[in-house]
>>> print(open('work.cif').read())   # mmCIF, C-alpha atoms; chains and numbers go by the auth columns
data_work
#
loop_
_atom_site.group_PDB
_atom_site.id
_atom_site.type_symbol
_atom_site.label_atom_id
_atom_site.label_comp_id
_atom_site.label_asym_id
_atom_site.label_seq_id
_atom_site.Cartn_x
_atom_site.Cartn_y
_atom_site.Cartn_z
_atom_site.B_iso_or_equiv
_atom_site.auth_seq_id
_atom_site.auth_asym_id
ATOM 1 C CA MET A 1 -45.279 -17.488 11.585 0.00 23 A
ATOM 2 C CA PRO A 2 -41.575 -17.800 12.405 0.00 24 A
ATOM 3 C CA THR A 3 -39.317 -15.173 10.926 0.00 25 A
ATOM 4 C CA LYS A 4 -37.018 -16.229 8.172 0.00 26 A
ATOM 5 C CA PRO A 5 -33.437 -16.544 9.404 0.00 27 A
ATOM 6 C CA GLN A 6 -31.054 -13.931 8.109 0.00 28 A
ATOM 7 C CA SER A 7 -28.913 -15.218 5.248 0.00 29 A
ATOM 8 C CA ARG A 8 -25.250 -15.647 5.942 0.00 30 A
ATOM 9 C CA ALA A 9 -24.423 -13.016 3.310 0.00 31 A
ATOM 10 C CA THR A 10 -26.331 -10.299 5.220 0.00 32 A
ATOM 11 C CA VAL A 11 -25.257 -11.100 8.776 0.00 33 A
ATOM 12 C CA THR A 12 -23.291 -8.197 10.262 0.00 34 A
ATOM 13 C CA PRO A 13 -20.116 -9.494 11.928 0.00 35 A
ATOM 14 C CA ARG A 14 -19.579 -8.833 15.618 0.00 36 A
ATOM 15 C CA HIS A 15 -16.308 -7.595 17.080 0.00 37 A
ATOM 16 C CA GLY A 16 -15.154 -6.721 20.571 0.00 38 A
ATOM 17 C CA VAL A 17 -16.346 -3.280 21.661 0.00 39 A
ATOM 18 C CA ALA A 18 -12.780 -2.019 22.254 0.00 40 A
ATOM 19 C CA ARG A 19 -11.828 -3.015 18.713 0.00 41 A
ATOM 20 C CA VAL A 20 -14.904 -1.285 17.297 0.00 42 A
ATOM 21 C CA ILE A 21 -14.159 1.935 19.193 0.00 43 A
ATOM 22 C CA SER A 22 -10.633 1.841 17.759 0.00 44 A
ATOM 23 C CA LYS A 23 -11.937 1.199 14.222 0.00 45 A
ATOM 24 C CA LEU A 24 -14.192 4.244 14.606 0.00 46 A
ATOM 25 C CA GLY A 25 -11.045 6.309 15.110 0.00 47 A
ATOM 26 C CA LEU A 26 -11.942 7.350 18.654 0.00 48 A
ATOM 27 C CA GLY A 27 -8.916 5.938 20.433 0.00 49 A
ATOM 28 C CA SER A 28 -6.408 3.122 20.454 0.00 50 A
ATOM 29 C CA ARG A 29 -7.624 -0.382 21.251 0.00 51 A
ATOM 30 C CA SER A 30 -5.808 -0.414 24.593 0.00 52 A
ATOM 31 C CA GLN A 31 -7.195 3.022 25.445 0.00 53 A
ATOM 32 C CA ALA A 32 -10.716 1.863 24.571 0.00 54 A
ATOM 33 C CA ALA A 33 -10.271 -1.228 26.755 0.00 55 A
ATOM 34 C CA LEU A 34 -9.477 1.032 29.714 0.00 56 A
ATOM 35 C CA TRP A 35 -12.638 3.074 29.073 0.00 57 A
ATOM 36 C CA VAL A 36 -14.652 -0.139 29.053 0.00 58 A
ATOM 37 C CA ARG A 37 -13.121 -1.450 32.276 0.00 59 A
ATOM 38 C CA ASP A 38 -13.770 1.926 33.941 0.00 60 A
ATOM 39 C CA GLY A 39 -17.482 1.656 33.121 0.00 61 A
ATOM 40 C CA ARG A 40 -17.433 4.648 30.764 0.00 62 A
ATOM 41 C CA VAL A 41 -18.874 2.737 27.790 0.00 63 A
ATOM 42 C CA ARG A 42 -22.478 1.734 27.133 0.00 64 A
ATOM 43 C CA VAL A 43 -23.706 -0.523 24.340 0.00 65 A
ATOM 44 C CA ASN A 44 -27.405 -0.126 23.559 0.00 66 A
ATOM 45 C CA GLU A 45 -27.861 1.804 26.840 0.00 67 A
ATOM 46 C CA ARG A 46 -26.177 -0.929 28.894 0.00 68 A
ATOM 47 C CA VAL A 47 -22.848 -0.449 30.693 0.00 69 A
ATOM 48 C CA VAL A 48 -20.332 -3.059 29.579 0.00 70 A
ATOM 49 C CA ARG A 49 -17.035 -3.827 31.307 0.00 71 A
ATOM 50 C CA ASP A 50 -15.704 -6.499 28.969 0.00 72 A
ATOM 51 C CA ALA A 51 -13.478 -5.152 26.184 0.00 73 A
ATOM 52 C CA GLU A 52 -14.424 -8.205 24.078 0.00 74 A
ATOM 53 C CA PHE A 53 -18.185 -7.640 24.457 0.00 75 A
ATOM 54 C CA PRO A 54 -19.536 -8.383 20.918 0.00 76 A
ATOM 55 C CA VAL A 55 -20.780 -5.368 18.980 0.00 77 A
ATOM 56 C CA ARG A 56 -22.175 -4.947 15.462 0.00 78 A
ATOM 57 C CA GLN A 57 -20.495 -1.837 14.073 0.00 79 A
ATOM 58 C CA GLY A 58 -23.011 0.526 12.506 0.00 80 A
ATOM 59 C CA ILE A 59 -25.962 -1.224 14.168 0.00 81 A
ATOM 60 C CA ASP A 60 -25.397 -1.274 17.918 0.00 82 A
ATOM 61 C CA ARG A 61 -25.368 2.073 19.708 0.00 83 A
ATOM 62 C CA ILE A 62 -22.132 2.932 21.517 0.00 84 A
ATOM 63 C CA ASP A 63 -21.969 5.730 24.087 0.00 85 A
ATOM 64 C CA ILE A 64 -18.810 6.930 25.824 0.00 86 A
ATOM 65 C CA GLU A 65 -19.451 8.984 28.953 0.00 87 A
ATOM 66 C CA GLY A 66 -23.042 9.526 27.834 0.00 88 A
ATOM 67 C CA GLN A 67 -22.170 10.748 24.341 0.00 89 A
ATOM 68 C CA ARG A 68 -23.276 8.722 21.349 0.00 90 A
ATOM 69 C CA GLN A 69 -20.341 7.818 19.158 0.00 91 A
ATOM 70 C CA GLY A 70 -20.113 7.463 15.407 0.00 92 A
ATOM 71 C CA PRO A 71 -17.089 7.364 13.127 0.00 93 A
ATOM 72 C CA ALA A 72 -14.696 10.240 13.797 0.00 94 A
ATOM 73 C CA ALA A 73 -13.932 12.548 10.906 0.00 95 A
ATOM 74 C CA ARG A 74 -10.849 11.244 9.138 0.00 96 A
ATOM 75 C CA LEU A 75 -7.669 13.064 10.020 0.00 97 A
ATOM 76 C CA VAL A 76 -4.279 12.492 8.409 0.00 98 A
ATOM 77 C CA LEU A 77 -1.105 14.350 9.254 0.00 99 A
ATOM 78 C CA MET A 78 2.561 14.161 8.380 0.00 100 A
ATOM 79 C CA LEU A 79 5.444 14.451 10.835 0.00 101 A
ATOM 80 C CA ASN A 80 9.095 15.076 10.114 0.00 102 A
ATOM 81 C CA LYS A 81 10.338 12.410 12.525 0.00 103 A
ATOM 82 C CA PRO A 82 13.605 13.227 14.267 0.00 104 A
ATOM 83 C CA ARG A 83 16.268 10.618 14.773 0.00 105 A
ATOM 84 C CA GLY A 84 16.205 8.838 18.146 0.00 106 A
ATOM 85 C CA LEU A 85 12.431 8.421 18.572 0.00 107 A
ATOM 86 C CA VAL A 86 10.683 5.055 18.374 0.00 108 A
ATOM 87 C CA THR A 87 7.469 4.667 16.377 0.00 109 A
ATOM 88 C CA THR A 88 5.081 3.363 19.016 0.00 110 A
ATOM 89 C CA THR A 89 2.480 4.722 21.409 0.00 111 A
ATOM 90 C CA ARG A 90 4.496 3.683 24.456 0.00 112 A
ATOM 91 C CA ASP A 91 7.834 1.945 24.853 0.00 113 A
ATOM 92 C CA GLU A 92 8.542 -0.811 27.383 0.00 114 A
ATOM 93 C CA GLN A 93 12.157 0.355 27.647 0.00 115 A
ATOM 94 C CA GLY A 94 11.123 3.919 28.480 0.00 116 A
ATOM 95 C CA ARG A 95 12.534 5.414 25.285 0.00 117 A
ATOM 96 C CA ASP A 96 11.065 8.608 23.829 0.00 118 A
ATOM 97 C CA THR A 97 8.397 7.985 21.192 0.00 119 A
ATOM 98 C CA VAL A 98 7.172 9.947 18.185 0.00 120 A
ATOM 99 C CA TYR A 99 4.217 11.117 20.294 0.00 121 A
ATOM 100 C CA ALA A 100 6.592 13.479 22.093 0.00 122 A
ATOM 101 C CA CYS A 101 6.296 15.644 18.959 0.00 123 A
ATOM 102 C CA PHE A 102 2.566 16.121 19.647 0.00 124 A
ATOM 103 C CA ALA A 103 2.930 17.189 23.279 0.00 125 A
ATOM 104 C CA GLY A 104 0.627 20.079 24.136 0.00 126 A
ATOM 105 C CA SER A 105 -1.470 19.720 20.981 0.00 127 A
ATOM 106 C CA ALA A 106 -5.241 19.166 20.956 0.00 128 A
ATOM 107 C CA LEU A 107 -5.057 16.342 18.427 0.00 129 A
ATOM 108 C CA PRO A 108 -7.433 13.372 18.714 0.00 130 A
ATOM 109 C CA TRP A 109 -6.113 9.833 18.886 0.00 131 A
ATOM 110 C CA LEU A 110 -3.893 9.016 15.891 0.00 132 A
ATOM 111 C CA ALA A 111 -1.899 5.930 14.980 0.00 133 A
ATOM 112 C CA PRO A 112 1.284 5.766 12.865 0.00 134 A
ATOM 113 C CA VAL A 113 0.746 4.692 9.259 0.00 135 A
ATOM 114 C CA GLY A 114 3.751 2.414 8.823 0.00 136 A
ATOM 115 C CA ARG A 115 6.966 2.893 10.768 0.00 137 A
ATOM 116 C CA LEU A 116 10.433 4.372 10.779 0.00 138 A
ATOM 117 C CA ASP A 117 13.032 2.769 13.017 0.00 139 A
ATOM 118 C CA LYS A 118 14.639 4.687 15.870 0.00 140 A
ATOM 119 C CA ALA A 119 17.679 5.790 13.866 0.00 141 A
ATOM 120 C CA SER A 120 15.709 6.806 10.756 0.00 142 A
ATOM 121 C CA GLU A 121 14.225 10.233 10.040 0.00 143 A
ATOM 122 C CA GLY A 122 11.738 11.960 7.827 0.00 144 A
ATOM 123 C CA LEU A 123 8.184 11.650 6.586 0.00 145 A
ATOM 124 C CA LEU A 124 5.890 9.636 8.856 0.00 146 A
ATOM 125 C CA LEU A 125 2.112 9.601 8.427 0.00 147 A
ATOM 126 C CA PHE A 126 -0.504 9.361 11.193 0.00 148 A
ATOM 127 C CA SER A 127 -4.254 8.813 10.916 0.00 149 A
ATOM 128 C CA ASN A 128 -7.333 7.907 12.957 0.00 150 A
ATOM 129 C CA ASP A 129 -8.729 5.915 10.005 0.00 151 A
ATOM 130 C CA ALA A 130 -7.506 2.328 10.386 0.00 152 A
ATOM 131 C CA ALA A 131 -8.986 1.150 7.074 0.00 153 A
ATOM 132 C CA TRP A 132 -7.321 3.972 5.122 0.00 154 A
ATOM 133 C CA ALA A 133 -4.011 3.300 6.892 0.00 155 A
ATOM 134 C CA ALA A 134 -4.204 -0.385 5.978 0.00 156 A
ATOM 135 C CA ARG A 135 -4.578 0.477 2.287 0.00 157 A
ATOM 136 C CA ILE A 136 -1.577 2.813 2.425 0.00 158 A
ATOM 137 C CA THR A 137 0.663 0.182 4.045 0.00 159 A
ATOM 138 C CA ASP A 138 -0.546 -2.749 1.904 0.00 160 A
ATOM 139 C CA PRO A 139 2.177 -3.567 -0.684 0.00 161 A
ATOM 140 C CA LYS A 140 -0.536 -4.156 -3.308 0.00 162 A
ATOM 141 C CA SER A 141 -2.347 -0.829 -2.879 0.00 163 A
ATOM 142 C CA GLY A 142 0.209 1.379 -1.129 0.00 164 A
ATOM 143 C CA ARG A 143 2.450 3.993 -2.689 0.00 165 A
ATOM 144 C CA ASP A 144 6.205 3.974 -3.268 0.00 166 A
ATOM 145 C CA LYS A 145 8.401 5.334 -0.475 0.00 167 A
ATOM 146 C CA THR A 146 11.449 7.408 -1.361 0.00 168 A
ATOM 147 C CA TYR A 147 14.498 7.631 0.907 0.00 169 A
ATOM 148 C CA HIS A 148 17.737 9.588 0.850 0.00 170 A
ATOM 149 C CA VAL A 149 20.430 7.380 2.354 0.00 171 A
ATOM 150 C CA GLN A 150 23.986 8.304 3.308 0.00 172 A
ATOM 151 C CA ILE A 151 26.371 5.355 3.040 0.00 173 A
ATOM 152 C CA ASP A 152 29.943 4.868 4.189 0.00 174 A
ATOM 153 C CA ARG A 153 31.529 4.461 0.753 0.00 175 A
ATOM 154 C CA LEU A 154 31.553 5.645 -2.850 0.00 176 A
ATOM 155 C CA PRO A 155 29.292 3.363 -4.895 0.00 177 A
ATOM 156 C CA SER A 156 30.092 1.949 -8.322 0.00 178 A
ATOM 157 C CA GLU A 157 27.486 1.539 -11.036 0.00 179 A
ATOM 158 C CA GLU A 158 27.737 -2.201 -10.489 0.00 180 A
ATOM 159 C CA LEU A 159 26.924 -1.805 -6.777 0.00 181 A
ATOM 160 C CA LEU A 160 23.888 0.354 -7.581 0.00 182 A
ATOM 161 C CA ARG A 161 22.664 -2.339 -9.976 0.00 183 A
ATOM 162 C CA GLN A 162 23.180 -5.070 -7.375 0.00 184 A
ATOM 163 C CA LEU A 163 21.280 -3.114 -4.733 0.00 185 A
ATOM 164 C CA GLN A 164 18.342 -2.729 -7.081 0.00 186 A
ATOM 165 C CA GLU A 165 18.365 -6.406 -8.057 0.00 187 A
ATOM 166 C CA GLY A 166 18.509 -7.363 -4.389 0.00 188 A
ATOM 167 C CA VAL A 167 19.650 -10.315 -2.306 0.00 189 A
ATOM 168 C CA LEU A 168 18.185 -13.237 -0.366 0.00 190 A
ATOM 169 C CA PRO A 169 19.523 -12.995 3.221 0.00 191 A
ATOM 170 C CA ASP A 170 17.961 -15.687 5.405 0.00 192 A
ATOM 171 C CA GLY A 171 15.680 -16.692 2.554 0.00 193 A
ATOM 172 C CA GLU A 172 13.847 -13.335 2.417 0.00 194 A
ATOM 173 C CA ARG A 173 14.266 -11.340 -0.775 0.00 195 A
ATOM 174 C CA LEU A 174 15.283 -7.713 -0.266 0.00 196 A
ATOM 175 C CA SER A 175 15.498 -5.369 -3.225 0.00 197 A
ATOM 176 C CA ALA A 176 14.676 -1.817 -4.284 0.00 198 A
ATOM 177 C CA LYS A 177 12.454 -0.456 -7.022 0.00 199 A
ATOM 178 C CA SER A 178 15.214 1.968 -7.980 0.00 200 A
ATOM 179 C CA VAL A 179 18.605 3.117 -6.699 0.00 201 A
ATOM 180 C CA CYS A 180 20.644 6.085 -7.890 0.00 202 A
ATOM 181 C CA CYS A 181 23.491 8.194 -6.580 0.00 203 A
ATOM 182 C CA LEU A 182 22.548 11.764 -5.610 0.00 204 A
ATOM 183 C CA ARG A 183 25.971 13.112 -4.655 0.00 205 A
ATOM 184 C CA THR A 184 29.362 11.982 -3.413 0.00 206 A
ATOM 185 C CA GLY A 185 31.921 13.263 -0.945 0.00 207 A
ATOM 186 C CA ARG A 186 35.460 12.126 -0.306 0.00 208 A
ATOM 187 C CA LYS A 187 34.554 8.953 1.571 0.00 209 A
ATOM 188 C CA ASN A 188 30.774 8.622 1.485 0.00 210 A
ATOM 189 C CA ALA A 189 27.767 9.214 -0.732 0.00 211 A
ATOM 190 C CA TRP A 190 24.045 9.916 -0.694 0.00 212 A
ATOM 191 C CA LEU A 191 21.767 7.502 -2.539 0.00 213 A
ATOM 192 C CA GLU A 192 18.125 7.809 -3.458 0.00 214 A
ATOM 193 C CA ILE A 193 16.396 4.484 -2.813 0.00 215 A
ATOM 194 C CA VAL A 194 12.759 3.874 -3.770 0.00 216 A
ATOM 195 C CA LEU A 195 10.863 0.962 -2.210 0.00 217 A
ATOM 196 C CA ASP A 196 7.521 -0.413 -3.344 0.00 218 A
ATOM 197 C CA GLU A 197 7.257 -2.456 -0.153 0.00 219 A
ATOM 198 C CA GLY A 198 8.548 -1.960 3.357 0.00 220 A
ATOM 199 C CA ARG A 199 9.980 -4.892 5.278 0.00 221 A
ATOM 200 C CA ASN A 200 11.447 -4.601 8.758 0.00 222 A
ATOM 201 C CA ARG A 201 14.674 -2.516 8.576 0.00 223 A
ATOM 202 C CA HIS A 202 14.531 -3.100 4.811 0.00 224 A
ATOM 203 C CA ILE A 203 17.189 -0.614 3.684 0.00 225 A
ATOM 204 C CA ARG A 204 19.627 -1.324 6.507 0.00 226 A
ATOM 205 C CA ARG A 205 19.455 -5.070 5.919 0.00 227 A
ATOM 206 C CA LEU A 206 19.784 -4.654 2.132 0.00 228 A
ATOM 207 C CA LEU A 207 22.897 -2.497 2.535 0.00 229 A
ATOM 208 C CA ALA A 208 24.364 -4.759 5.220 0.00 230 A
ATOM 209 C CA ALA A 209 24.205 -7.692 2.782 0.00 231 A
ATOM 210 C CA PHE A 210 26.856 -5.788 0.769 0.00 232 A
ATOM 211 C CA ASP A 211 28.850 -4.769 3.886 0.00 233 A
ATOM 212 C CA ILE A 212 27.620 -1.193 3.580 0.00 234 A
ATOM 213 C CA ALA A 213 26.733 0.893 6.642 0.00 235 A
ATOM 214 C CA ALA A 214 23.824 3.321 6.506 0.00 236 A
ATOM 215 C CA LEU A 215 24.984 6.543 8.166 0.00 237 A
ATOM 216 C CA ARG A 216 21.612 8.289 7.773 0.00 238 A
ATOM 217 C CA ILE A 217 18.224 7.275 6.373 0.00 239 A
ATOM 218 C CA VAL A 218 15.689 10.018 5.627 0.00 240 A
ATOM 219 C CA ARG A 219 12.277 9.260 4.115 0.00 241 A
ATOM 220 C CA VAL A 220 11.542 12.183 1.808 0.00 242 A
ATOM 221 C CA ALA A 221 8.336 11.091 0.060 0.00 243 A
ATOM 222 C CA VAL A 222 5.375 8.729 0.162 0.00 244 A
ATOM 223 C CA GLY A 223 3.974 8.509 -3.348 0.00 245 A
ATOM 224 C CA PRO A 224 3.546 12.121 -4.559 0.00 246 A
ATOM 225 C CA LEU A 225 3.569 13.520 -1.004 0.00 247 A
ATOM 226 C CA LEU A 226 6.874 15.257 -0.314 0.00 248 A
ATOM 227 C CA LEU A 227 8.460 16.019 3.048 0.00 249 A
ATOM 228 C CA GLY A 228 9.472 19.390 1.638 0.00 250 A
ATOM 229 C CA GLU A 229 10.605 22.094 4.046 0.00 251 A
ATOM 230 C CA LEU A 230 8.702 20.818 7.093 0.00 252 A
ATOM 231 C CA PRO A 231 11.082 21.386 10.035 0.00 253 A
ATOM 232 C CA LYS A 232 12.354 18.397 11.996 0.00 254 A
ATOM 233 C CA GLY A 233 10.006 17.457 14.824 0.00 255 A
ATOM 234 C CA ARG A 234 7.119 19.476 13.372 0.00 256 A
ATOM 235 C CA TRP A 235 3.852 18.228 11.859 0.00 257 A
ATOM 236 C CA ARG A 236 1.022 19.459 9.679 0.00 258 A
ATOM 237 C CA ILE A 237 -2.432 18.191 8.717 0.00 259 A
ATOM 238 C CA LEU A 238 -2.824 16.989 5.122 0.00 260 A
ATOM 239 C CA THR A 239 -5.347 18.583 2.791 0.00 261 A
ATOM 240 C CA GLU A 240 -8.133 16.519 1.254 0.00 262 A
ATOM 241 C CA GLN A 241 -6.311 16.758 -2.088 0.00 263 A
ATOM 242 C CA GLU A 242 -3.130 15.329 -0.543 0.00 264 A
ATOM 243 C CA ILE A 243 -5.071 12.506 1.105 0.00 265 A
ATOM 244 C CA ALA A 244 -6.784 11.696 -2.198 0.00 266 A
ATOM 245 C CA SER A 245 -3.411 11.580 -3.969 0.00 267 A
ATOM 246 C CA LEU A 246 -2.314 8.804 -1.615 0.00 268 A
#
>>> encode(input="work.cif", output="structure tokens")
Amino acid sequence: MPTKPQSRATVTPRHGVARVISKLGLGSRSQAALWVRDGRVRVNERVVRDAEFPVRQGIDRIDIEGQRQGPAARLVLMLNKPRGLVTTTRDEQGRDTVYACFAGSALPWLAPVGRLDKASEGLLLFSNDAAWAARITDPKSGRDKTYHVQIDRLPSEELLRQLQEGVLPDGERLSAKSVCCLRTGRKNAWLEIVLDEGRNRHIRRLLAAFDIAALRIVRVAVGPLLLGELPKGRWRILTEQEIASL
């Protein structure tokens, strides 16, 4: 008697083996593709050399160099990113990346959770859990990000209100959840700007719409997680309680 075909609702989707290895938190997708091409990966006891070889995650057996692989234990850490580093695994222009801060460590593969541009500083998260990272960066489920921003002028209350209300440069709305003045000097000031979403160069573009230059941008918090006294260029692993709070 022929077997009953599996219903569409219960069919496990197939993805390329390199993508699955990355989703398991074992390495980046490009790194996994190199392992596959080098013949270091087996799927169901068979060596595969195609990074797009279809695999059912959680069903098909994946071995790397003879070791069976399951999901890696989730790891999340925070880095106090220094100014001048780009947030990428490798840079085509040869610029230093945030991974320079991990040199000499025995950390497993980790990917940035969100980004800070080259000139920005402060709290940057990393994780080997792609699904968790996606929830943190999703505007609907992610947490507010708090920045301390030095600007090249003394702001009026009207300017603070306008920054919060936002603008529409090039048809894209840029605004802030809240803006307040922390302190002022003779010619410049520090603002606290809270965003509930993060567009490309969001704060710089918002300020530029009002002819304001950002002299420094420091992310000091993601949700309840504070940068605190973590020295610049240093990192630490988050506790389970901190991860749960995010």
>>> atom_distance(input="work.cif", atom1="CA of Trp257 in chain A", atom2="CA of Ala152 in chain A")
19.6 Å
>>> axis_aligned_box(input="work.cif", around="range 241-259 of chain A", padding_each_side="3 Å", output="AutoDock Vina command-line options")
--center_x 5.0 --center_y 15.3 --center_z 5.1 --size_x 20.8 --size_y 19.6 --size_z 25.4
>>> atom_distance(input="work.cif", atom1="CA of Ala155 in chain A", atom2="CA of Gly88 in chain A")
29.0 Å
>>> resolve_selection(input="work.cif", expression="the PyMOL selection byres ((chain A and resi 128-140) around 6)", output="ChimeraX atom specification")
/A:49,106-109,127,141-142,147-150,155
>>> atom_distance(input="work.cif", atom1="CA of Arg71 in chain A", atom2="CA of Gly38 in chain A")
11.3 Å
>>> residues_around(input="work.cif", residues="range 76-83 of chain A", least_positions_apart="3", cutoff="6 Å", atoms="only C-alpha atoms", output="PyMOL selection string")
chain A and resi 36-39+65-66
>>> resolve_selection(input="work.cif", expression="the PyMOL selection byres ((chain A and resi 195-208) around 7)", output="PyMOL selection string")
chain A and resi 176+182+185-191+193-194+209-218+224+228
>>> resolve_selection(input="work.cif", expression="the PyMOL selection byres ((chain A and resi 162-173) around 9)", output="ChimeraX atom specification")
/A:144,156-161,174-177,199,204,210-220,225,229,234-246,268
>>> closest_residue(input="work.cif", among="A:Val42, A:Val63, A:Leu99, A:Val70", to="Ile86 in chain A", atoms="only C-alpha atoms")
A:Val63
